[in-house]
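Quick look at data-v8.txt (compact mmCIF, C-alpha atoms):
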```
# COMPACT_ATOMS: atom_id res chain seq x y z
CA MET Y 1 -160.20 20.27 66.54
CA GLU Y 2 -162.90 22.65 67.62
CA THR Y 3 -162.48 25.93 69.50
CA LEU Y 4 -165.24 27.21 71.79
CA SER Y 5 -165.42 30.24 74.08
CA TYR Y 6 -167.98 31.24 76.69
CA ARG Y 7 -168.12 34.45 78.70
CA HIS Y 8 -170.37 34.78 81.76
CA LYS Y 9 -171.19 37.25 84.52
CA ALA Y 10 -170.16 35.81 87.90
CA GLN Y 11 -171.87 36.69 91.19
CA GLU Y 12 -168.68 36.91 93.24
CA ARG Y 13 -164.95 37.17 92.85
CA ALA Y 14 -163.14 33.84 93.32
CA ALA Y 15 -161.40 33.74 96.72
CA GLY Y 16 -157.65 33.67 97.29
CA SER Y 17 -154.73 35.55 95.80
CA LYS Y 18 -152.93 33.04 93.59
CA SER Y 19 -152.59 34.19 90.01
CA LEU Y 20 -152.74 30.80 88.31
CA ALA Y 21 -153.20 27.06 88.75
CA ILE Y 22 -153.29 24.02 86.49
CA ILE Y 23 -154.93 20.61 86.85
CA GLY Y 24 -155.39 17.51 84.71
CA VAL Y 25 -153.65 16.10 81.67
CA VAL Y 26 -154.44 15.90 77.97
CA ALA Y 27 -155.13 12.21 77.38
CA SER Y 28 -157.99 10.12 76.06
CA GLY Y 29 -161.09 10.90 78.14
CA ASN Y 30 -159.22 13.52 80.13
CA LEU Y 31 -158.46 17.24 79.91
CA GLU Y 32 -156.31 19.97 81.42
CA VAL Y 33 -157.62 23.21 82.86
CA LEU Y 34 -155.36 26.25 83.21
CA VAL Y 35 -156.95 28.90 85.39
CA GLU Y 36 -155.65 32.48 85.51
CA ARG Y 37 -156.84 35.49 87.49
CA LEU Y 38 -156.95 37.95 84.61
CA LEU Y 39 -160.48 39.36 84.37
CA PRO Y 40 -162.60 41.94 86.21
CA ASP Y 41 -164.15 40.54 89.41
CA THR Y 42 -167.57 39.94 87.90
CA GLU Y 43 -166.41 38.32 84.68
CA CYS Y 44 -165.57 34.72 83.86
CA GLN Y 45 -164.37 33.22 80.61
CA VAL Y 46 -163.89 29.61 79.52
CA ASP Y 47 -161.88 28.91 76.35
CA ILE Y 48 -161.96 25.34 75.04
CA ASN Y 49 -159.81 23.53 72.54
CA THR Y 50 -161.29 20.08 72.02
CA ALA Y 51 -160.55 17.00 69.95
CA ALA Y 52 -164.21 15.91 70.05
CA GLU Y 53 -166.13 18.08 67.58
CA GLY Y 54 -169.85 18.82 67.64
CA PHE Y 55 -170.51 18.92 71.39
CA GLY Y 56 -170.95 22.70 71.72
CA ALA Y 57 -174.36 22.41 73.37
CA VAL Y 58 -173.01 20.05 76.06
CA TRP Y 59 -170.02 22.33 76.75
CA GLU Y 60 -172.33 25.33 77.01
CA ALA Y 61 -174.50 23.55 79.60
CA VAL Y 62 -171.53 22.26 81.65
CA VAL Y 63 -169.89 25.71 81.68
CA ALA Y 64 -173.14 27.50 82.65
CA ASP Y 65 -173.69 25.03 85.51
CA PHE Y 66 -170.07 25.51 86.65
CA VAL Y 67 -170.35 29.31 86.71
CA GLU Y 68 -173.57 29.14 88.70
CA ARG Y 69 -172.21 26.68 91.28
CA ARG Y 70 -168.67 28.05 91.80
CA SER Y 71 -169.03 31.73 90.95
CA PRO Y 72 -165.51 31.98 89.45
CA GLY Y 73 -165.40 35.77 89.17
CA GLY Y 74 -162.18 37.19 87.71
CA LEU Y 75 -161.03 33.87 86.30
CA LYS Y 76 -160.10 32.91 82.79
CA LEU Y 77 -160.12 29.13 82.33
CA SER Y 78 -158.38 27.61 79.33
CA ILE Y 79 -159.02 23.98 78.45
CA ASN Y 80 -157.14 21.49 76.30
CA ASP Y 81 -159.51 18.56 75.95
CA GLY Y 82 -158.78 15.00 74.89
CA GLY Y 83 -162.44 13.99 74.66
CA ALA Y 84 -163.45 14.00 78.34
CA ARG Y 85 -167.01 13.19 79.44
CA PRO Y 86 -169.10 16.04 80.92
CA ASP Y 87 -168.72 14.71 84.48
CA THR Y 88 -164.92 14.71 84.15
CA VAL Y 89 -165.04 18.25 82.75
CA ALA Y 90 -167.18 19.43 85.68
CA LEU Y 91 -164.78 17.77 88.15
CA ARG Y 92 -161.67 19.37 86.60
CA LEU Y 93 -163.29 22.83 86.48
CA ALA Y 94 -164.18 22.53 90.17
CA GLN Y 95 -160.65 21.30 91.02
CA ALA Y 96 -159.11 24.22 89.10
CA VAL Y 97 -161.10 26.80 91.07
CA ARG Y 98 -160.32 25.07 94.37
CA LEU Y 99 -156.61 25.09 93.49
CA ILE Y 100 -156.44 28.79 92.68
CA GLU Y 101 -158.49 29.64 95.80
CA GLU Y 102 -156.35 27.71 98.31
CA GLU Y 103 -153.18 29.27 99.67
CA ASP Y 104 -149.80 27.77 98.81
CA ARG Y 105 -148.54 25.49 101.52
CA MET O 1 -141.43 33.07 103.33
CA ASN O 2 -141.55 33.99 107.00
CA ALA O 3 -139.79 32.19 109.84
CA ARG O 4 -142.95 30.74 111.33
CA LYS O 5 -143.87 29.10 108.06
CA LEU O 6 -140.42 27.56 107.84
CA GLU O 7 -140.66 26.07 111.32
CA ALA O 8 -144.22 24.76 111.17
CA PRO O 9 -144.18 21.03 110.42
CA ASP O 10 -146.26 20.41 107.34
CA VAL O 11 -147.92 17.21 108.50
CA SER O 12 -150.11 16.65 105.48
CA ARG O 13 -147.22 17.01 103.10
CA VAL O 14 -145.02 14.57 105.03
CA ALA O 15 -147.82 11.99 105.11
CA ASN O 16 -148.39 12.57 101.44
CA SER O 17 -144.92 12.04 100.07
CA LYS O 18 -144.45 8.95 102.27
CA THR O 19 -147.48 7.19 100.90
CA VAL O 20 -148.15 8.69 97.47
CA SER O 21 -147.19 6.29 94.68
CA TRP O 22 -144.65 7.66 92.22
CA TYR O 23 -146.22 5.52 89.49
CA GLU O 24 -149.70 6.98 90.09
CA ALA O 25 -148.61 10.61 90.55
CA SER O 26 -148.59 13.24 87.82
CA ALA O 27 -145.37 15.01 86.81
CA ARG O 28 -146.44 18.10 88.77
CA GLN O 29 -147.30 16.08 91.89
CA ARG O 30 -143.90 14.36 91.76
CA VAL O 31 -142.10 17.70 91.58
CA ARG O 32 -144.24 19.34 94.26
CA LEU O 33 -143.98 16.49 96.76
CA MET O 34 -140.33 15.65 96.13
CA LEU O 35 -138.91 19.15 96.54
CA ASP O 36 -138.92 21.29 99.68
CA ALA O 37 -142.38 22.78 100.15
CA GLY O 38 -142.89 25.97 98.19
CA SER O 39 -139.37 25.94 96.71
CA PHE O 40 -140.24 25.11 93.10
CA GLN O 41 -140.03 27.86 90.49
CA GLU O 42 -141.13 26.80 87.04
CA PHE O 43 -139.43 27.99 83.83
CA ILE O 44 -141.66 28.49 80.76
CA GLY O 45 -144.78 27.59 82.73
CA PRO O 46 -148.11 26.55 81.19
CA GLU O 47 -149.35 30.16 81.19
CA GLN O 48 -146.79 30.92 78.48
CA ARG O 49 -148.51 28.36 76.24
CA GLU O 50 -145.35 27.12 74.53
CA GLN O 51 -147.15 24.25 72.83
CA SER O 52 -146.23 21.92 70.00
CA PRO O 53 -146.52 23.59 66.59
CA HIS O 54 -146.76 20.16 64.91
CA LEU O 55 -149.69 18.43 66.60
CA ARG O 56 -152.33 20.74 65.13
CA VAL O 57 -151.31 19.57 61.65
CA PHE O 58 -152.56 16.12 62.73
CA ASP O 59 -155.67 17.60 64.37
CA LEU O 60 -154.43 16.48 67.79
CA PRO O 61 -154.87 18.38 71.05
CA THR O 62 -151.81 20.07 72.58
CA GLN O 63 -150.84 20.53 76.23
CA PHE O 64 -149.91 23.91 77.69
CA ASP O 65 -146.52 22.65 78.99
CA ASP O 66 -145.96 20.22 76.07
CA GLY O 67 -145.74 17.35 78.55
CA ILE O 68 -142.70 18.47 80.56
CA VAL O 69 -142.29 20.60 83.67
CA VAL O 70 -138.89 22.29 84.09
CA GLY O 71 -137.61 24.60 86.78
CA ARG O 72 -135.51 25.17 89.83
CA GLY O 73 -136.06 24.28 93.48
CA ARG O 74 -134.48 22.85 96.61
CA ILE O 75 -134.25 19.38 98.07
CA ALA O 76 -133.29 19.28 101.76
CA GLY O 77 -132.00 22.81 101.27
CA THR O 78 -129.79 21.96 98.27
CA SER O 79 -130.47 23.97 95.14
CA ILE O 80 -131.29 21.79 92.10
CA PHE O 81 -132.69 21.98 88.59
CA VAL O 82 -135.53 19.58 87.82
CA ALA O 83 -137.34 18.31 84.71
CA ALA O 84 -140.38 16.03 84.95
CA GLN O 85 -142.07 14.34 82.02
CA GLU O 86 -145.83 13.74 82.07
CA GLY O 87 -146.18 10.13 80.90
CA ARG O 88 -149.92 10.37 80.32
CA PHE O 89 -149.66 13.10 77.65
CA MET O 90 -148.70 11.31 74.41
CA GLY O 91 -146.79 8.71 76.39
CA GLY O 92 -144.41 11.37 77.71
CA ALA O 93 -142.85 11.50 74.25
CA PHE O 94 -140.22 14.03 73.17
CA GLY O 95 -141.36 16.67 70.70
CA GLU O 96 -139.68 19.88 69.58
CA VAL O 97 -140.80 22.12 72.48
CA HIS O 98 -140.64 19.34 75.07
CA GLY O 99 -137.05 18.58 74.07
CA ALA O 100 -136.00 22.24 73.87
CA LYS O 101 -137.15 22.81 77.46
CA LEU O 102 -134.88 20.01 78.71
CA THR O 103 -131.97 21.16 76.53
CA GLY O 104 -132.30 24.69 77.91
CA LEU O 105 -132.40 23.42 81.49
CA LEU O 106 -129.23 21.35 80.98
CA ARG O 107 -127.43 24.34 79.41
CA ALA O 108 -128.45 26.51 82.36
CA ALA O 109 -127.02 23.84 84.69
CA ARG O 110 -123.80 23.70 82.64
CA ASP O 111 -123.36 27.44 83.02
CA THR O 112 -123.62 27.15 86.83
CA LYS O 113 -120.94 24.39 86.76
CA SER O 114 -122.36 22.93 89.98
CA VAL O 115 -126.15 22.84 90.46
CA PRO O 116 -127.33 19.20 90.07
CA VAL O 117 -130.09 18.26 87.64
CA LEU O 118 -132.85 15.75 88.33
CA ILE O 119 -134.59 14.24 85.31
CA LEU O 120 -137.86 12.52 86.18
CA PHE O 121 -138.18 10.30 83.10
CA ASP O 122 -141.59 9.04 82.00
CA THR O 123 -141.40 8.52 78.25
CA GLY O 124 -142.00 6.16 75.35
CA GLY O 125 -139.35 7.98 73.29
CA VAL O 126 -139.76 10.36 70.36
CA ARG O 127 -143.21 11.68 69.42
CA LEU O 128 -143.94 10.13 66.01
CA GLN O 129 -145.97 13.16 64.81
CA GLU O 130 -142.84 15.33 65.07
CA ALA O 131 -140.22 12.64 64.70
CA ASN O 132 -137.46 14.65 62.97
CA ALA O 133 -137.69 17.45 65.52
CA GLY O 134 -137.89 14.87 68.31
CA GLU O 135 -134.81 12.93 67.15
CA LEU O 136 -132.86 16.18 66.86
CA ALA O 137 -134.03 17.07 70.36
CA ILE O 138 -132.66 13.77 71.71
CA ALA O 139 -129.26 14.52 70.15
CA GLU O 140 -129.25 18.08 71.51
CA ILE O 141 -130.21 16.87 74.98
CA MET O 142 -127.44 14.24 75.04
CA ARG O 143 -124.89 16.85 73.96
CA ALA O 144 -126.11 19.36 76.54
CA LEU O 145 -126.12 16.65 79.22
CA ILE O 146 -122.53 15.59 78.53
CA GLU O 147 -121.41 19.23 78.39
CA ALA O 148 -123.04 19.83 81.77
CA ARG O 149 -121.33 16.76 83.24
CA MET O 150 -117.98 17.90 81.83
CA ALA O 151 -118.53 21.26 83.53
CA GLY O 152 -118.98 19.48 86.88
CA VAL O 153 -122.77 19.05 87.09
CA LYS O 154 -124.25 15.84 88.52
CA ILE O 155 -127.30 14.55 86.68
CA VAL O 156 -129.57 12.02 88.34
CA GLY O 157 -132.34 10.19 86.46
CA LEU O 158 -135.40 8.89 88.31
CA ILE O 159 -137.50 6.21 86.64
CA GLY O 160 -140.74 4.74 87.93
CA GLY O 161 -143.54 6.13 85.78
CA ARG O 162 -146.22 4.51 83.74
CA ALA O 163 -144.55 5.06 80.37
CA GLY O 164 -141.18 3.73 81.62
CA CYS O 165 -138.07 5.14 79.94
CA TYR O 166 -137.81 4.06 76.32
CA GLY O 167 -136.41 5.12 72.96
CA GLY O 168 -134.37 8.31 73.10
CA GLY O 169 -135.28 8.54 76.79
CA GLY O 170 -133.32 5.32 77.35
CA LEU O 171 -130.32 6.85 75.53
CA ILE O 172 -130.46 10.02 77.63
CA ALA O 173 -130.80 7.93 80.81
CA GLY O 174 -127.65 6.05 79.81
CA CYS O 175 -125.75 9.38 79.75
CA CYS O 176 -126.75 10.38 83.32
CA SER O 177 -124.37 10.33 86.31
CA ALA O 178 -126.67 7.89 88.11
CA LEU O 179 -130.14 6.36 87.86
CA ALA O 180 -132.66 5.26 90.45
CA VAL O 181 -135.49 2.96 89.43
CA SER O 182 -138.52 1.38 91.07
CA GLU O 183 -139.98 -2.04 90.30
CA GLN O 184 -142.58 -0.39 88.02
CA GLY O 185 -139.91 1.52 86.11
CA ARG O 186 -138.63 0.07 82.86
CA ILE O 187 -135.50 1.15 81.01
CA SER O 188 -134.74 0.17 77.44
CA VAL O 189 -134.38 1.63 73.96
CA SER O 190 -136.68 -0.53 71.79
CA GLY O 191 -139.93 -1.30 73.58
CA PRO O 192 -141.53 -4.76 73.74
CA GLU O 193 -143.93 -4.17 70.83
CA VAL O 194 -141.16 -2.71 68.67
CA ILE O 195 -138.95 -5.75 69.20
CA GLU O 196 -141.79 -8.16 68.48
CA THR O 197 -142.81 -6.26 65.33
CA ASN O 198 -139.28 -6.24 63.94
CA ARG O 199 -137.92 -9.62 65.08
CA GLY O 200 -141.00 -11.76 65.62
CA VAL O 201 -142.79 -13.23 68.60
CA GLU O 202 -140.13 -15.94 68.97
CA GLU O 203 -137.60 -13.21 69.73
CA PHE O 204 -139.79 -11.32 72.19
CA ASP O 205 -143.42 -11.87 73.17
CA SER O 206 -144.62 -8.38 74.13
CA ARG O 207 -147.78 -9.77 75.76
CA ASP O 208 -145.72 -11.83 78.22
CA ARG O 209 -145.68 -9.22 80.99
CA ALA O 210 -143.40 -11.30 83.22
CA LEU O 211 -140.85 -11.44 80.39
CA VAL O 212 -141.14 -7.69 79.77
CA TRP O 213 -140.56 -6.88 83.45
CA ARG O 214 -137.71 -9.28 84.03
CA THR O 215 -135.97 -8.01 80.88
CA MET O 216 -136.54 -4.26 81.18
CA GLY O 217 -137.92 -3.77 84.70
CA GLY O 218 -136.29 -2.03 87.65
CA LYS O 219 -135.06 -5.14 89.44
CA HIS O 220 -133.14 -6.49 86.46
CA ARG O 221 -131.69 -3.08 85.61
CA ARG O 222 -130.42 -2.76 89.17
CA LEU O 223 -128.87 -6.25 89.22
CA LEU O 224 -127.22 -5.66 85.85
CA GLY O 225 -125.80 -2.30 86.95
CA GLY O 226 -127.97 -0.33 84.52
CA ALA O 227 -129.33 1.60 87.51
CA GLU O 228 -127.35 2.57 90.61
CA ALA O 229 -130.27 2.24 93.01
CA PHE O 230 -133.58 0.46 93.42
CA VAL O 231 -136.34 2.16 95.39
CA ASP O 232 -139.84 1.58 96.68
CA ASP O 233 -142.65 3.13 94.64
CA THR O 234 -143.19 6.21 96.83
CA ILE O 235 -142.26 9.83 96.28
CA GLN O 236 -140.47 9.84 99.65
CA SER O 237 -138.22 6.93 98.55
CA PHE O 238 -137.28 8.75 95.35
CA ARG O 239 -136.53 11.91 97.36
CA ASN O 240 -134.29 10.01 99.79
CA ILE O 241 -132.34 8.21 97.08
CA THR O 242 -131.89 11.47 95.17
CA LEU O 243 -130.24 13.02 98.22
CA HIS O 244 -127.97 9.99 98.53
CA LEU O 245 -127.01 9.97 94.84
CA ILE O 246 -126.26 13.69 94.48
CA GLY O 247 -124.00 13.31 97.50
CA SER O 248 -122.18 10.20 96.30
CA VAL O 249 -121.89 10.02 92.50
CA PRO O 250 -118.45 10.62 91.06
CA GLY O 251 -117.28 13.42 88.79
CA PHE O 252 -116.79 12.95 85.09
CA GLY O 253 -113.67 12.64 82.99
CA LEU O 254 -111.62 10.33 80.80
CA ASP O 255 -110.81 7.95 83.68
CA VAL O 256 -114.52 7.55 84.48
CA LEU O 257 -115.34 6.89 80.82
CA LYS O 258 -112.55 4.30 80.59
CA ALA O 259 -113.82 2.58 83.75
CA GLU O 260 -117.33 2.55 82.31
CA GLN O 261 -116.08 1.04 79.05
CA ALA O 262 -114.25 -1.66 81.04
CA ARG O 263 -117.36 -2.34 83.12
CA LEU O 264 -119.53 -2.77 80.02
CA GLU O 265 -116.97 -5.02 78.28
CA GLU O 266 -116.75 -7.20 81.37
CA ARG O 267 -120.52 -7.40 81.57
CA LEU O 268 -120.82 -8.44 77.94
CA GLN O 269 -118.15 -11.08 78.40
CA ARG O 270 -119.79 -12.50 81.51
CA PHE O 271 -123.42 -12.47 80.41
CA GLY O 272 -123.32 -12.19 76.61
CA ASP O 273 -124.47 -15.77 76.12
CA CYS O 274 -127.42 -15.59 78.52
CA ALA O 275 -130.77 -15.93 76.73
CA ASP O 276 -132.93 -14.68 79.61
CA ALA O 277 -132.57 -12.29 82.54
CA MET O 278 -132.96 -15.21 84.92
CA ASP O 279 -129.88 -16.86 83.38
CA ILE O 280 -127.94 -13.71 84.26
CA TRP O 281 -129.17 -13.79 87.86
CA ARG O 282 -128.12 -17.46 88.12
CA ALA O 283 -124.74 -16.61 86.59
CA LYS O 284 -124.35 -13.95 89.28
CA ASP O 285 -124.86 -16.73 91.86
CA ILE O 286 -128.04 -15.17 93.20
CA PHE O 287 -129.57 -17.70 95.53
CA ASP O 288 -133.14 -18.52 94.48
CA ALA O 289 -133.08 -16.47 91.25
CA GLU O 290 -136.65 -17.60 90.48
CA ALA O 291 -137.89 -15.65 93.51
CA VAL O 292 -136.47 -12.28 92.37
CA PRO O 293 -139.62 -11.12 90.49
CA ILE O 294 -141.91 -11.70 93.49
CA MET O 295 -139.49 -10.45 96.13
CA SER O 296 -140.60 -7.47 98.25
CA SER O 297 -138.78 -4.18 97.69
CA SER O 298 -136.94 -4.31 101.03
CA ASP O 299 -135.78 -7.93 100.51
CA PHE O 300 -134.69 -7.07 96.99
CA ILE O 301 -132.75 -3.99 98.11
CA ASP O 302 -130.89 -6.19 100.64
CA LEU O 303 -130.11 -8.74 97.95
CA ALA O 304 -128.94 -6.11 95.44
CA ASN O 305 -126.69 -4.49 98.05
CA ARG O 306 -125.18 -7.89 99.00
CA ASP O 307 -124.58 -8.54 95.31
CA GLY O 308 -122.22 -5.57 95.30
CA ASP O 309 -122.52 -1.82 95.23
CA PRO O 310 -122.49 -0.13 91.86
CA ARG O 311 -119.01 0.83 90.75
CA TYR O 312 -118.52 4.44 91.68
CA ASP O 313 -115.51 4.77 89.43
CA ALA O 314 -117.64 4.29 86.30
CA ARG O 315 -120.64 5.81 84.36
```
Would you encode the structure as structure tokens?
Amino acid sequence: METLSYRHKAQERAAGSKSLAIIGVVASGNLEVLVERLLPDTECQVDINTAAEGFGAVWEAVVADFVERRSPGGLKLSINDGGARPDTVALRLAQAVRLIEEEDR
Amino acid sequence: MNARKLEAPDVSRVANSKTVSWYEASARQRVRLMLDAGSFQEFIGPEQREQSPHLRVFDLPTQFDDGIVVGRGRIAGTSIFVAAQEGRFMGGAFGEVHGAKLTGLLRAARDTKSVPVLILFDTGGVRLQEANAGELAIAEIMRALIEARMAGVKIVGLIGGRAGCYGGGGLIAGCCSALAVSEQGRISVSGPEVIETNRGVEEFDSRDRALVWRTMGGKHRRLLGGAEAFVDDTIQSFRNITLHLIGSVPGFGLDVLKAEQARLEERLQRFGDCADAMDIWRAKDIFDAEAVPIMSSSDFIDLANRDGDPRYDAR
């Protein structure tokens, strides 16, 4: 197992008022993302626990791209990863932010 | 929740639960779409990070909810407890934390003496990486389940997930007040591969999918009385049958146990010599037994109901 953590400055606070959301499942080629509104509005943190070791550079690039596109200010995202591909990771991160931004129906 | 929100028809949600496949849905989707909108309150949610302490020893990734969602909610206004296993995380298998969450839920239900419990099974059995803790969890869950039933709680099991309901999950299911199963659901203790490994391919060919389904699948379990109800593979169907079952299943006591023992003895006597599920269907005088596996859900439900309702004096 490998543990990674990235902290970024975000341009804007993520919309909505929900305090947490979760998406995905820990399975082969898949991952879960738990997103919590815990940080100051301009901060964003992504903590990763992954079964696939040695891909730090790829994670760093995917996370940087995510922060730039979604501007997830105030959010702490925690990942349990079962060896997902970068496109799956990007999808789950985007889903997590959308979930915490939308109002409960 | 304000009055306007209560009155507004939630069109998207209604469309969703009618069409969303139970088999394809995640544990969280099943809970969200089955219960009244916005009514679910989770206990020990993922943010508490109560994860398996054993998996890291094997260098395996954990899941924040340890593969089971437990909490309280409402279904058509009725207060219920609910537990849903996530079959895609380690095959929905029982570990120490996973099991403890279900045990705790059943004890909470016991203390209320009335609030029904829904168990959305989706499990291959005990997690091999924490087998001792998992086996103990199965025993604790069965004890807690029986104690809850003795206190007057109805416990309904719903089975239609990708992992089926195997191993200790099959034992727990057997202790429930009633079970509902879809065609995709399978209920057994030893799985197909386990039987083949221990007794040989002549005994059970695990790659023969038709054999697996007609031995352990939802249709056979319904015809044999192992499940009280057979449902279509949609979340709406499981919601409807749950409402029916919590309204109709009997209480629990010595007379019910005696009736169940009599039912099982009679079943063994009638079908004990049958070598295949199809022999049992023929022995039950089901017209065109060969057609049962390909029958549509609605035709099958008609057939199963003609064959006789489940005995409501037993279980």
message: Calculated over all atoms listed in the file, which of the candidates Y:Asp47, Y:Asp81, Y:Asp87, Y:Glu101 has the smallest distance to chain O?
response: Y:Asp81
message: Rounded to one decimal, what separation in Å do you get between CA of Asp36 (chain O) and CA of Ala180 (chain O)?
response: 19.5 Å
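The list of chain Y residues within 7 Å of chain O is Met1, Val25, Val26, Ala27, Thr50, Ala51, Asn80, Asp81, Gly82 and Arg105 of chain Y; this uses all atoms listed in the file.
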message: Would you pick out the contacts of Gly29 (chain Y) at 8 Å or less, using only C-alpha atoms, so that residues sharing its chain but fewer than 6 positions from it are not included, and give the list as a list in words?
response: Gly82, Gly83, Ala84 and Arg85 of chain Y
Could you dump the residues just selected with C-alpha atoms as a JSON list (two decimals), in the frame of the given file?
```json
[["chain", "number", "residue", "atom", "x", "y", "z"],
["Y", 82, "GLY", "CA", -158.78, 15.00, 74.89],
["Y", 83, "GLY", "CA", -162.44, 13.99, 74.66],
["Y", 84, "ALA", "CA", -163.45, 14.00, 78.34],
["Y", 85, "ARG", "CA", -167.01, 13.19, 79.44]]
```
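With distances restricted to all atoms listed in the file, O:Ile301 is the closest residue to Asp232 (chain O) from O:Val31, O:Leu171, O:Val115, O:Ile301.
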message: Could you check which residues have any atom within 12 Å of (-164.8, 20.5, 86.1), counting all atoms listed in the file with coordinates taken straight from the file, and then list them as a ChimeraX atom specification?
response: /Y:23-24,30-35,46,59,62-67,69-70,72,77-79,81,84-99
Neighbour residues at most 12 Å from (-126.5, -1.4, 94.8) (only C-alpha atoms) as a PyMOL selection string: chain O and resi 178-181+219-231+241+245+300-312
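Taking all atoms listed in the file, the non-local environment of Asp279 (chain O) within 12 Å (same-chain residues fewer than 4 positions away omitted) comprises Arg214, Thr215, His220, Leu224, Arg270, Phe271, Gly272, Asp273, Cys274, Ala275, Ala283, Lys284, Asp285, Ile286, Asp288, Ala289 and Glu290 of chain O.
Of note, CA of Gln129 (chain O) and CA of Val97 (chain O) are spaced 12.9 Å apart.
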query: Expressed in Å to a single decimal, how great is the separation between CA of Gly170 (chain O) and CA of Ser188 (chain O)?
result: 5.3 Å
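Using only C-alpha atoms, the nearest neighbour of Ala14 (chain Y) within the list Y:Gly73, Y:Ala61, Y:Leu38, Y:Glu53 is Y:Gly73.
Those residues that approach Cys44 (chain Y) to within 6 Å, counting all atoms listed in the file, are Arg7, His8, Gly73, Gly74, Leu75 and Lys76 of chain Y; same-chain residues fewer than 6 positions away are not listed.
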